[in-house]
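Peer 1: Next up, structure-v4.pdb (PDB, C-alpha atoms).
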```
ATOM      1  CA  MET A   1     187.884  31.762  34.014
ATOM      2  CA  LYS A   2     185.686  31.737  37.075
ATOM      3  CA  LEU A   3     185.879  28.471  38.968
ATOM      4  CA  LYS A   4     182.826  26.436  39.751
ATOM      5  CA  LEU A   5     181.966  26.127  43.409
ATOM      6  CA  VAL A   6     183.138  22.552  43.919
ATOM      7  CA  SER A   7     186.423  23.117  42.099
ATOM      8  CA  ALA A   8     187.120  26.292  44.044
ATOM      9  CA  ALA A   9     186.296  24.577  47.318
ATOM     10  CA  ALA A  10     188.738  21.809  46.411
ATOM     11  CA  LEU A  11     191.426  24.422  45.887
ATOM     12  CA  ILE A  12     190.670  25.923  49.296
ATOM     13  CA  ALA A  13     191.343  22.511  50.787
ATOM     14  CA  GLY A  14     194.716  22.399  49.049
ATOM     15  CA  GLY A  15     193.547  19.709  46.673
ATOM     16  CA  ALA A  16     192.856  17.310  49.536
ATOM     17  CA  PHE A  17     189.087  17.463  49.315
ATOM     18  CA  SER A  18     187.159  14.928  47.301
ATOM     19  CA  ALA A  19     183.414  14.689  47.746
ATOM     20  CA  SER A  20     181.857  11.280  47.703
ATOM     21  CA  SER A  21     178.959  11.002  45.305
ATOM     22  CA  ALA A  22     178.620   7.246  45.407
ATOM     23  CA  ALA A  23     176.020   7.222  48.123
ATOM     24  CA  ALA A  24     173.159   9.553  47.382
ATOM     25  CA  GLU A  25     171.688   9.992  50.825
ATOM     26  CA  CYS A  26     169.022  12.276  49.448
ATOM     27  CA  GLY A  27     167.321  12.461  46.101
ATOM     28  CA  GLY A  28     166.391  15.394  43.885
ATOM     29  CA  VAL A  29     166.043  18.761  45.603
ATOM     30  CA  SER A  30     164.947  22.057  44.055
ATOM     31  CA  ILE A  31     165.941  25.386  45.619
ATOM     32  CA  THR A  32     165.243  28.972  44.620
ATOM     33  CA  GLU A  33     167.870  31.496  43.688
ATOM     34  CA  MET A  34     166.068  34.800  44.215
ATOM     35  CA  ASP A  35     167.253  37.645  42.021
ATOM     36  CA  TRP A  36     169.207  39.602  44.621
ATOM     37  CA  ALA A  37     172.708  39.031  45.895
ATOM     38  CA  SER A  38     172.303  37.877  49.502
ATOM     39  CA  SER A  39     169.715  35.261  48.553
ATOM     40  CA  ALA A  40     171.920  33.965  45.760
ATOM     41  CA  VAL A  41     174.805  33.570  48.206
ATOM     42  CA  VAL A  42     172.547  31.682  50.630
ATOM     43  CA  THR A  43     171.477  29.422  47.769
ATOM     44  CA  SER A  44     175.065  28.774  46.652
ATOM     45  CA  VAL A  45     176.210  27.905  50.174
ATOM     46  CA  ALA A  46     173.193  25.655  50.814
ATOM     47  CA  THR A  47     173.582  23.988  47.404
ATOM     48  CA  PHE A  48     177.221  23.193  48.105
ATOM     49  CA  LEU A  49     176.451  21.687  51.524
ATOM     50  CA  MET A  50     173.514  19.641  50.210
ATOM     51  CA  THR A  51     175.450  18.359  47.206
ATOM     52  CA  GLU A  52     178.853  17.661  48.701
ATOM     53  CA  GLY A  53     177.884  16.945  52.293
ATOM     54  CA  TYR A  54     174.571  15.120  51.887
ATOM     55  CA  GLY A  55     174.695  13.661  48.356
ATOM     56  CA  CYS A  56     171.685  15.559  47.004
ATOM     57  CA  ASP A  57     170.969  16.125  43.326
ATOM     58  CA  VAL A  58     170.200  19.862  43.500
ATOM     59  CA  THR A  59     168.341  21.909  40.901
ATOM     60  CA  VAL A  60     168.647  25.680  41.314
ATOM     61  CA  VAL A  61     165.519  27.552  40.200
ATOM     62  CA  PRO A  62     165.976  31.261  39.369
ATOM     63  CA  SER A  63     162.971  33.124  40.757
ATOM     64  CA  SER A  64     161.707  35.973  42.919
ATOM     65  CA  THR A  65     159.354  36.100  45.890
ATOM     66  CA  VAL A  66     155.889  36.280  44.377
ATOM     67  CA  PRO A  67     156.422  33.769  41.511
ATOM     68  CA  ALA A  68     158.151  31.312  43.861
ATOM     69  CA  LEU A  69     155.311  31.353  46.396
ATOM     70  CA  THR A  70     152.719  31.108  43.626
ATOM     71  CA  SER A  71     154.507  28.111  42.149
ATOM     72  CA  LEU A  72     154.793  26.388  45.510
ATOM     73  CA  ALA A  73     151.114  27.009  46.266
ATOM     74  CA  GLU A  74     150.014  25.576  42.928
ATOM     75  CA  THR A  75     152.545  22.792  42.303
ATOM     76  CA  GLY A  76     154.351  22.137  45.594
ATOM     77  CA  GLU A  77     157.652  23.219  44.041
ATOM     78  CA  PRO A  78     160.329  24.478  44.423
ATOM     79  CA  ASP A  79     161.115  22.438  47.519
ATOM     80  CA  ILE A  80     163.137  25.178  49.240
ATOM     81  CA  LEU A  81     162.583  28.928  49.243
ATOM     82  CA  THR A  82     165.639  30.886  50.381
ATOM     83  CA  GLU A  83     165.512  34.353  51.894
ATOM     84  CA  VAL A  84     161.794  35.031  51.888
ATOM     85  CA  TRP A  85     161.087  38.479  53.344
ATOM     86  CA  ALA A  86     157.977  37.280  55.108
ATOM     87  CA  ASN A  87     156.682  40.645  56.391
ATOM     88  CA  SER A  88     156.429  41.919  52.825
ATOM     89  CA  THR A  89     154.689  38.852  51.441
ATOM     90  CA  PRO A  90     150.956  38.595  52.247
ATOM     91  CA  ALA A  91     150.685  35.104  50.725
ATOM     92  CA  TYR A  92     153.242  33.732  53.176
ATOM     93  CA  GLU A  93     151.160  33.329  56.348
ATOM     94  CA  PRO A  94     148.164  31.691  54.577
ATOM     95  CA  LEU A  95     150.484  29.108  53.019
ATOM     96  CA  LEU A  96     151.901  28.359  56.481
ATOM     97  CA  ALA A  97     148.401  27.985  57.894
ATOM     98  CA  LYS A  98     147.450  25.521  55.145
ATOM     99  CA  GLY A  99     150.581  23.436  55.730
ATOM    100  CA  LYS A 100     151.795  23.986  52.182
ATOM    101  CA  LEU A 101     154.799  25.853  53.536
ATOM    102  CA  VAL A 102     156.935  25.205  56.631
ATOM    103  CA  GLU A 103     159.173  27.883  58.112
ATOM    104  CA  LEU A 104     162.577  26.490  59.084
ATOM    105  CA  THR A 105     164.731  29.384  60.253
ATOM    106  CA  HIS A 106     165.453  33.105  60.237
ATOM    107  CA  VAL A 107     168.134  32.896  57.557
ATOM    108  CA  LEU A 108     169.175  36.496  58.335
ATOM    109  CA  SER A 109     169.301  36.268  62.091
ATOM    110  CA  ASP A 110     169.271  40.052  62.617
ATOM    111  CA  GLY A 111     166.339  40.575  60.297
ATOM    112  CA  GLY A 112     166.271  42.665  57.174
ATOM    113  CA  VAL A 113     166.046  46.445  56.856
ATOM    114  CA  GLU A 114     163.938  48.002  54.112
ATOM    115  CA  GLY A 115     163.217  51.635  53.481
ATOM    116  CA  TRP A 116     163.398  54.735  51.328
ATOM    117  CA  TRP A 117     166.810  56.397  51.169
ATOM    118  CA  ILE A 118     168.825  59.332  49.856
ATOM    119  CA  PRO A 119     172.634  59.592  49.673
ATOM    120  CA  GLN A 120     174.227  61.008  52.819
ATOM    121  CA  TYR A 121     175.848  63.793  50.802
ATOM    122  CA  LEU A 122     172.373  64.894  49.715
ATOM    123  CA  ALA A 123     171.128  64.787  53.302
ATOM    124  CA  ASP A 124     174.128  66.866  54.427
ATOM    125  CA  ALA A 125     173.498  69.490  51.758
ATOM    126  CA  HIS A 126     169.705  69.535  52.174
ATOM    127  CA  PRO A 127     168.639  68.191  55.595
ATOM    128  CA  GLU A 128     164.994  68.784  54.708
ATOM    129  CA  LEU A 129     165.226  65.849  52.270
ATOM    130  CA  THR A 130     165.498  63.384  55.162
ATOM    131  CA  THR A 131     161.704  63.605  55.435
ATOM    132  CA  LEU A 132     159.188  62.644  52.772
ATOM    133  CA  GLU A 133     157.458  65.972  53.313
ATOM    134  CA  GLY A 134     160.705  67.764  52.468
ATOM    135  CA  ILE A 135     161.197  65.698  49.320
ATOM    136  CA  MET A 136     157.658  66.357  48.131
ATOM    137  CA  ALA A 137     158.218  70.095  48.647
ATOM    138  CA  ASN A 138     161.495  69.963  46.690
ATOM    139  CA  PRO A 139     161.181  67.210  44.059
ATOM    140  CA  GLU A 140     163.869  68.752  41.850
ATOM    141  CA  LEU A 141     166.477  68.169  44.574
ATOM    142  CA  VAL A 142     166.058  64.384  44.233
ATOM    143  CA  GLY A 143     165.980  64.507  40.452
ATOM    144  CA  GLY A 144     162.202  64.166  40.316
ATOM    145  CA  GLN A 145     162.475  60.378  40.461
ATOM    146  CA  PHE A 146     161.866  57.493  42.858
ATOM    147  CA  HIS A 147     164.074  54.491  42.062
ATOM    148  CA  ASP A 148     161.995  51.381  42.739
ATOM    149  CA  CYS A 149     162.562  47.637  42.799
ATOM    150  CA  PRO A 150     161.715  45.339  39.869
ATOM    151  CA  THR A 151     158.334  43.875  39.031
ATOM    152  CA  GLY A 152     157.789  40.578  40.853
ATOM    153  CA  TRP A 153     159.483  41.650  44.071
ATOM    154  CA  ALA A 154     157.202  42.057  47.095
ATOM    155  CA  CYS A 155     158.463  45.648  47.547
ATOM    156  CA  ASP A 156     157.104  46.501  44.096
ATOM    157  CA  ILE A 157     153.518  46.305  45.357
ATOM    158  CA  ILE A 158     154.207  47.835  48.787
ATOM    159  CA  ASN A 159     156.135  50.793  47.406
ATOM    160  CA  ASN A 160     153.506  51.462  44.769
ATOM    161  CA  ASN A 161     150.753  51.550  47.388
ATOM    162  CA  ASN A 162     152.825  53.788  49.682
ATOM    163  CA  ILE A 163     153.501  56.105  46.748
ATOM    164  CA  ASN A 164     149.774  56.285  45.995
ATOM    165  CA  ALA A 165     148.922  56.856  49.660
ATOM    166  CA  SER A 166     151.452  59.682  49.996
ATOM    167  CA  GLY A 167     150.648  61.482  46.749
ATOM    168  CA  LEU A 168     154.347  61.370  45.863
ATOM    169  CA  GLU A 169     153.875  61.363  42.087
ATOM    170  CA  ALA A 170     151.434  64.265  42.242
ATOM    171  CA  SER A 171     154.188  66.269  43.955
ATOM    172  CA  GLY A 172     156.466  65.829  40.954
ATOM    173  CA  VAL A 173     158.409  62.661  41.824
ATOM    174  CA  GLU A 174     157.967  59.967  39.157
ATOM    175  CA  ARG A 175     158.254  56.283  40.029
ATOM    176  CA  PHE A 176     160.901  54.490  37.960
ATOM    177  CA  GLN A 177     161.066  50.708  38.210
ATOM    178  CA  HIS A 178     164.413  49.104  37.513
ATOM    179  CA  GLY A 179     164.523  45.916  35.500
ATOM    180  CA  SER A 180     166.722  44.079  37.979
ATOM    181  CA  GLY A 181     168.370  44.357  41.358
ATOM    182  CA  GLU A 182     171.667  44.899  39.557
ATOM    183  CA  THR A 183     170.484  48.025  37.713
ATOM    184  CA  LEU A 184     168.945  49.399  40.919
ATOM    185  CA  ALA A 185     172.328  48.993  42.637
ATOM    186  CA  THR A 186     174.140  50.501  39.656
ATOM    187  CA  SER A 187     171.947  53.591  39.835
ATOM    188  CA  ILE A 188     173.207  54.233  43.385
ATOM    189  CA  ALA A 189     176.842  53.703  42.415
ATOM    190  CA  SER A 190     176.430  56.069  39.458
ATOM    191  CA  ALA A 191     174.832  58.722  41.650
ATOM    192  CA  PHE A 192     177.719  58.550  44.133
ATOM    193  CA  ALA A 193     180.294  58.803  41.351
ATOM    194  CA  ASP A 194     178.876  62.221  40.404
ATOM    195  CA  GLU A 195     177.336  63.192  43.758
ATOM    196  CA  ALA A 196     174.070  63.367  41.835
ATOM    197  CA  PRO A 197     170.520  63.304  43.255
ATOM    198  CA  TRP A 198     169.069  59.900  44.104
ATOM    199  CA  PHE A 199     165.938  58.837  45.995
ATOM    200  CA  GLY A 200     164.465  55.371  46.206
ATOM    201  CA  TYR A 201     164.055  51.992  47.832
ATOM    202  CA  TYR A 202     166.821  49.734  49.103
ATOM    203  CA  TRP A 203     167.488  47.160  51.789
ATOM    204  CA  ALA A 204     170.167  45.613  54.021
ATOM    205  CA  PRO A 205     172.263  43.557  54.369
ATOM    206  CA  THR A 206     173.771  44.505  51.030
ATOM    207  CA  SER A 207     177.178  45.492  49.761
ATOM    208  CA  VAL A 208     175.558  48.678  48.443
ATOM    209  CA  LEU A 209     174.519  50.109  51.800
ATOM    210  CA  GLY A 210     177.816  48.910  53.227
ATOM    211  CA  LYS A 211     179.838  50.803  50.614
ATOM    212  CA  TYR A 212     177.678  53.875  50.045
ATOM    213  CA  PRO A 213     176.563  55.986  53.040
ATOM    214  CA  MET A 214     172.812  56.518  52.804
ATOM    215  CA  ALA A 215     170.291  58.358  54.981
ATOM    216  CA  GLN A 216     166.901  56.755  55.550
ATOM    217  CA  VAL A 217     163.951  58.981  54.758
ATOM    218  CA  ASP A 218     161.344  59.494  57.486
ATOM    219  CA  VAL A 219     158.033  58.957  55.698
ATOM    220  CA  GLY A 220     156.157  60.813  58.436
ATOM    221  CA  ALA A 221     153.984  57.950  59.602
ATOM    222  CA  GLU A 222     154.078  55.330  62.340
ATOM    223  CA  PHE A 223     154.254  51.691  61.349
ATOM    224  CA  SER A 224     150.827  50.087  61.006
ATOM    225  CA  GLN A 225     150.585  46.336  60.540
ATOM    226  CA  ASP A 226     147.101  46.628  59.042
ATOM    227  CA  ALA A 227     148.264  49.254  56.561
ATOM    228  CA  HIS A 228     151.411  47.306  55.711
ATOM    229  CA  THR A 229     149.406  44.128  55.129
ATOM    230  CA  CYS A 230     146.961  45.917  52.827
ATOM    231  CA  ASN A 231     149.804  47.678  51.012
ATOM    232  CA  GLY A 232     151.282  44.285  50.212
ATOM    233  CA  THR A 233     148.338  43.350  47.993
ATOM    234  CA  VAL A 234     147.504  44.556  44.511
ATOM    235  CA  GLU A 235     143.850  44.628  45.549
ATOM    236  CA  CYS A 236     144.411  47.090  48.429
ATOM    237  CA  ALA A 237     141.490  49.476  47.943
ATOM    238  CA  ASP A 238     142.591  52.124  50.413
ATOM    239  CA  PRO A 239     146.389  52.306  50.771
ATOM    240  CA  VAL A 240     147.679  54.025  53.918
ATOM    241  CA  LEU A 241     151.239  55.302  54.199
ATOM    242  CA  SER A 242     153.334  53.113  56.511
ATOM    243  CA  PRO A 243     157.097  52.524  56.857
ATOM    244  CA  TYR A 244     158.580  49.059  56.594
ATOM    245  CA  PRO A 245     159.079  47.044  59.777
ATOM    246  CA  VAL A 246     162.320  45.215  60.509
ATOM    247  CA  ALA A 247     161.753  42.222  58.290
ATOM    248  CA  LYS A 248     161.574  38.584  59.247
ATOM    249  CA  VAL A 249     163.750  36.892  56.621
ATOM    250  CA  VAL A 250     163.340  33.133  56.462
ATOM    251  CA  THR A 251     164.098  29.902  54.698
ATOM    252  CA  ALA A 252     160.951  27.874  54.151
ATOM    253  CA  VAL A 253     160.182  24.545  52.490
ATOM    254  CA  SER A 254     157.146  22.780  51.127
ATOM    255  CA  GLY A 255     155.187  20.624  53.545
ATOM    256  CA  ALA A 256     155.913  17.533  51.454
ATOM    257  CA  PHE A 257     159.652  18.208  51.533
ATOM    258  CA  MET A 258     159.698  18.021  55.340
ATOM    259  CA  ASP A 259     158.536  14.407  55.179
ATOM    260  CA  ARG A 260     160.655  13.443  52.166
ATOM    261  CA  GLU A 261     164.016  14.906  53.224
ATOM    262  CA  PRO A 262     164.087  15.332  57.014
ATOM    263  CA  ALA A 263     167.907  15.409  57.195
ATOM    264  CA  ILE A 264     168.085  18.280  54.717
ATOM    265  CA  ALA A 265     165.345  20.122  56.595
ATOM    266  CA  GLU A 266     167.443  19.780  59.760
ATOM    267  CA  LEU A 267     170.464  21.158  57.916
ATOM    268  CA  LEU A 268     168.532  24.152  56.599
ATOM    269  CA  LYS A 269     167.234  24.983  60.076
ATOM    270  CA  ASN A 270     170.855  25.745  60.979
ATOM    271  CA  VAL A 271     171.800  27.816  57.924
ATOM    272  CA  THR A 272     171.689  31.396  59.235
ATOM    273  CA  PHE A 273     173.839  34.461  58.629
ATOM    274  CA  THR A 274     174.253  37.622  60.662
ATOM    275  CA  ASN A 275     173.935  40.872  58.730
ATOM    276  CA  ALA A 276     177.627  41.552  59.438
ATOM    277  CA  GLN A 277     178.671  38.199  57.960
ATOM    278  CA  MET A 278     176.519  38.615  54.889
ATOM    279  CA  GLY A 279     177.568  42.227  54.412
ATOM    280  CA  GLU A 280     181.235  41.217  54.512
ATOM    281  CA  VAL A 281     180.707  38.447  51.949
ATOM    282  CA  LEU A 282     178.756  40.741  49.627
ATOM    283  CA  ALA A 283     181.343  43.519  49.893
ATOM    284  CA  TRP A 284     184.089  40.988  49.055
ATOM    285  CA  GLN A 285     182.074  39.770  46.086
ATOM    286  CA  ASP A 286     181.557  43.284  44.773
ATOM    287  CA  ASP A 287     185.175  44.343  45.283
ATOM    288  CA  ASN A 288     186.434  41.231  43.474
ATOM    289  CA  ASN A 289     183.806  41.137  40.719
ATOM    290  CA  ALA A 290     183.118  37.593  41.886
ATOM    291  CA  SER A 291     180.269  35.220  41.116
ATOM    292  CA  TYR A 292     177.794  34.043  43.721
ATOM    293  CA  GLU A 293     179.563  30.675  43.749
ATOM    294  CA  GLU A 294     182.883  32.364  44.443
ATOM    295  CA  ALA A 295     181.250  34.427  47.187
ATOM    296  CA  ALA A 296     180.009  31.165  48.696
ATOM    297  CA  VAL A 297     183.561  29.815  48.556
ATOM    298  CA  TYR A 298     184.771  32.957  50.328
ATOM    299  CA  PHE A 299     182.214  32.318  53.082
ATOM    300  CA  LEU A 300     183.202  28.645  53.336
ATOM    301  CA  SER A 301     186.877  29.535  53.677
ATOM    302  CA  SER A 302     186.301  32.448  56.078
ATOM    303  CA  TYR A 303     183.750  30.902  58.433
ATOM    304  CA  PRO A 304     184.440  27.160  58.793
ATOM    305  CA  ASP A 305     183.501  27.239  62.480
ATOM    306  CA  VAL A 306     180.122  28.723  61.588
ATOM    307  CA  TRP A 307     179.012  26.350  58.845
ATOM    308  CA  GLY A 308     180.786  23.403  60.483
ATOM    309  CA  SER A 309     178.226  23.659  63.283
ATOM    310  CA  TRP A 310     175.362  23.436  60.779
ATOM    311  CA  ILE A 311     176.051  19.970  59.369
ATOM    312  CA  ASN A 312     175.660  16.454  60.766
ATOM    313  CA  ASP A 313     178.524  14.077  61.589
ATOM    314  CA  GLU A 314     178.400  12.231  58.274
ATOM    315  CA  ALA A 315     178.610  15.483  56.324
ATOM    316  CA  LYS A 316     181.495  16.573  58.555
ATOM    317  CA  GLU A 317     183.395  13.455  57.495
ATOM    318  CA  LYS A 318     182.838  14.257  53.819
ATOM    319  CA  LEU A 319     183.746  17.917  54.221
ATOM    320  CA  GLY A 320     186.482  17.345  56.790
ATOM    321  CA  ALA A 321     189.273  18.755  54.627
ATOM    322  CA  LEU A 322     187.476  22.103  54.443
ATOM    323  CA  LEU A 323     187.018  22.249  58.202
ATOM    324  CA  LYS A 324     190.735  21.998  59.006
TER
END
```
Written as structure tokens, that's how I'd like the structure from this file.
Peer 2:
Amino acid sequence: MKLKLVSAAALIAGGAFSASSAAAECGGVSITEMDWASSAVVTSVATFLMTEGYGCDVTVVPSSTVPALTSLAETGEPDILTEVWANSTPAYEPLLAKGKLVELTHVLSDGGVEGWWIPQYLADAHPELTTLEGIMANPELVGGQFHDCPTGWACDIINNNNINASGLEASGVERFQHGSGETLATSIASAFADEAPWFGYYWAPTSVLGKYPMAQVDVGAEFSQDAHTCNGTVECADPVLSPYPVAKVVTAVSGAFMDREPAIAELLKNVTFTNAQMGEVLAWQDDNNASYEEAAVYFLSSYPDVWGSWINDEAKEKLGALLK
């Protein structure tokens, strides 16, 4: 049986850890768990620290980028949005400008990498496939398919507009949207098992790109902020092909939350991961068939000096056994 986060953390401390729940320093807090692995790990780590270090009553809200921002804009909730890929989310900046959303930190300190990829073995066998022009001239070599992210992800809209701008489908490459991040990842693993063709969207840090050597496809265009911004909207009337920039990946909270829970906001400003740290945690999770909670426990046990610097003195007293 997989252990719950608090129980597993207690085991890490050799049974010496006991969180105090008598004094609830903060009240109810809602936090997103986006439907991809790195965000879910961020959420699990933050949830543990808020619950056991700060006495919060935390509600985890499964979501993805567009629905979470829409909900926050309309209702002011969830309180906390973890791992928002801000460059790919046109609604993000307007919400900041209106004060409905407050950016706290770059939760992936190195930024995120997004792009279109083929397996390295395919690039080695057919170097022409490392360009979009080469793929469009040889669609059969990539299986005639573009593996895309699920509906509701920001990349769904951007990729669709880039596909339309490039004429990719007219060349014989059909867009296939996966139902979840898990099935998108599985499609890569399956391709590598058979050294089969694969072409599609993916991002880092992930265990997938850490485990499976991939070559990024040159789409044959320079990055354009105007084009990228338009491509991020369903209403984009004239899509223009543009690669992804290095993404700003943030934790943000509602404006009201800043006033209601300033201590938690200060905590979340400190919660950042390097791509190397996150990649290691995700690879461990994948290799051990672990849950997100167990991956969070692995991070807590592996990096006490890192997260110990995030929390205030009172939380350090509560979590002292884990910091030894």
Peer 1: Might you pull out every residue within 8 Å of segment 216-223 of chain A, with all atoms listed in the file counted and same-chain residues fewer than 5 positions away left off, and present them as a list in words?
Peer 2: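 Residues meeting the cut-off are Gly115, Trp116, Trp117, Ile118, Leu129, Thr130, Thr131, Leu132, Glu133, His228, Leu241, Ser242, Pro243, Tyr244 and Pro245 of chain A.
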Peer 1: Taking the file as shown, what set of residues would the PyMOL selection byres ((chain A and resi 188) around 12) give back, as JSON, numbers by chain?
Peer 2: {"A": [117, 118, 119, 120, 146, 147, 148, 178, 181, 182, 183, 184, 185, 186, 187, 189, 190, 191, 192, 193, 194, 195, 196, 197, 198, 199, 200, 201, 202, 207, 208, 209, 211, 212, 213, 214]}
Peer 1: Find, counting all atoms listed in the file, the residue in A:Val281, A:Gly112, A:Pro90, A:Val107 that gets nearest to Ala227 of chain A.
Peer 2: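 For Ala227 of chain A, the nearest of the candidates is A:Pro90.
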Peer 1: Could you work out how far atom CA of Tyr54 of chain A lies from atom CA of Thr32 of chain A, giving the answer in Å with one decimal?
Peer 2: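 That distance, rounded to one decimal, is 18.2 Å.
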Peer 1: Under the PyMOL selection byres ((chain A and resi 164-174) around 6), which residues of this model are included? Write them out as an MDAnalysis selection string.
Peer 2: chainID A and resid 136 139 144:146 161:163 175 239:241
Peer 1: Distance atom CA of Ala154 of chain A-atom CA of Thr89 of chain A, one decimal place?
Peer 2: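 Between these atoms lies a distance of 6.0 Å.
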Peer 1: Give me the residues within 10 Å of segment 251-267 of chain A as a count of residues only, counting all atoms listed in the file and dropping any in the same chain fewer than 6 places off.
Peer 2: 47
Peer 1: Would you work out the distance separating atom CA of Asn270 of chain A from atom CA of Met34 of chain A, expressed in Å to one decimal?
Peer 2: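 Atom-to-atom, atom CA of Asn270 of chain A to atom CA of Met34 of chain A, that is 19.6 Å.
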Peer 1: A:Phe299, A:Trp153, A:Tyr292, A:Trp203: which is nearest Gly179 of chain A, counting only C-alpha atoms?
Peer 2: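 Checking each candidate against Gly179 of chain A, we get A:Trp153 as the closest.
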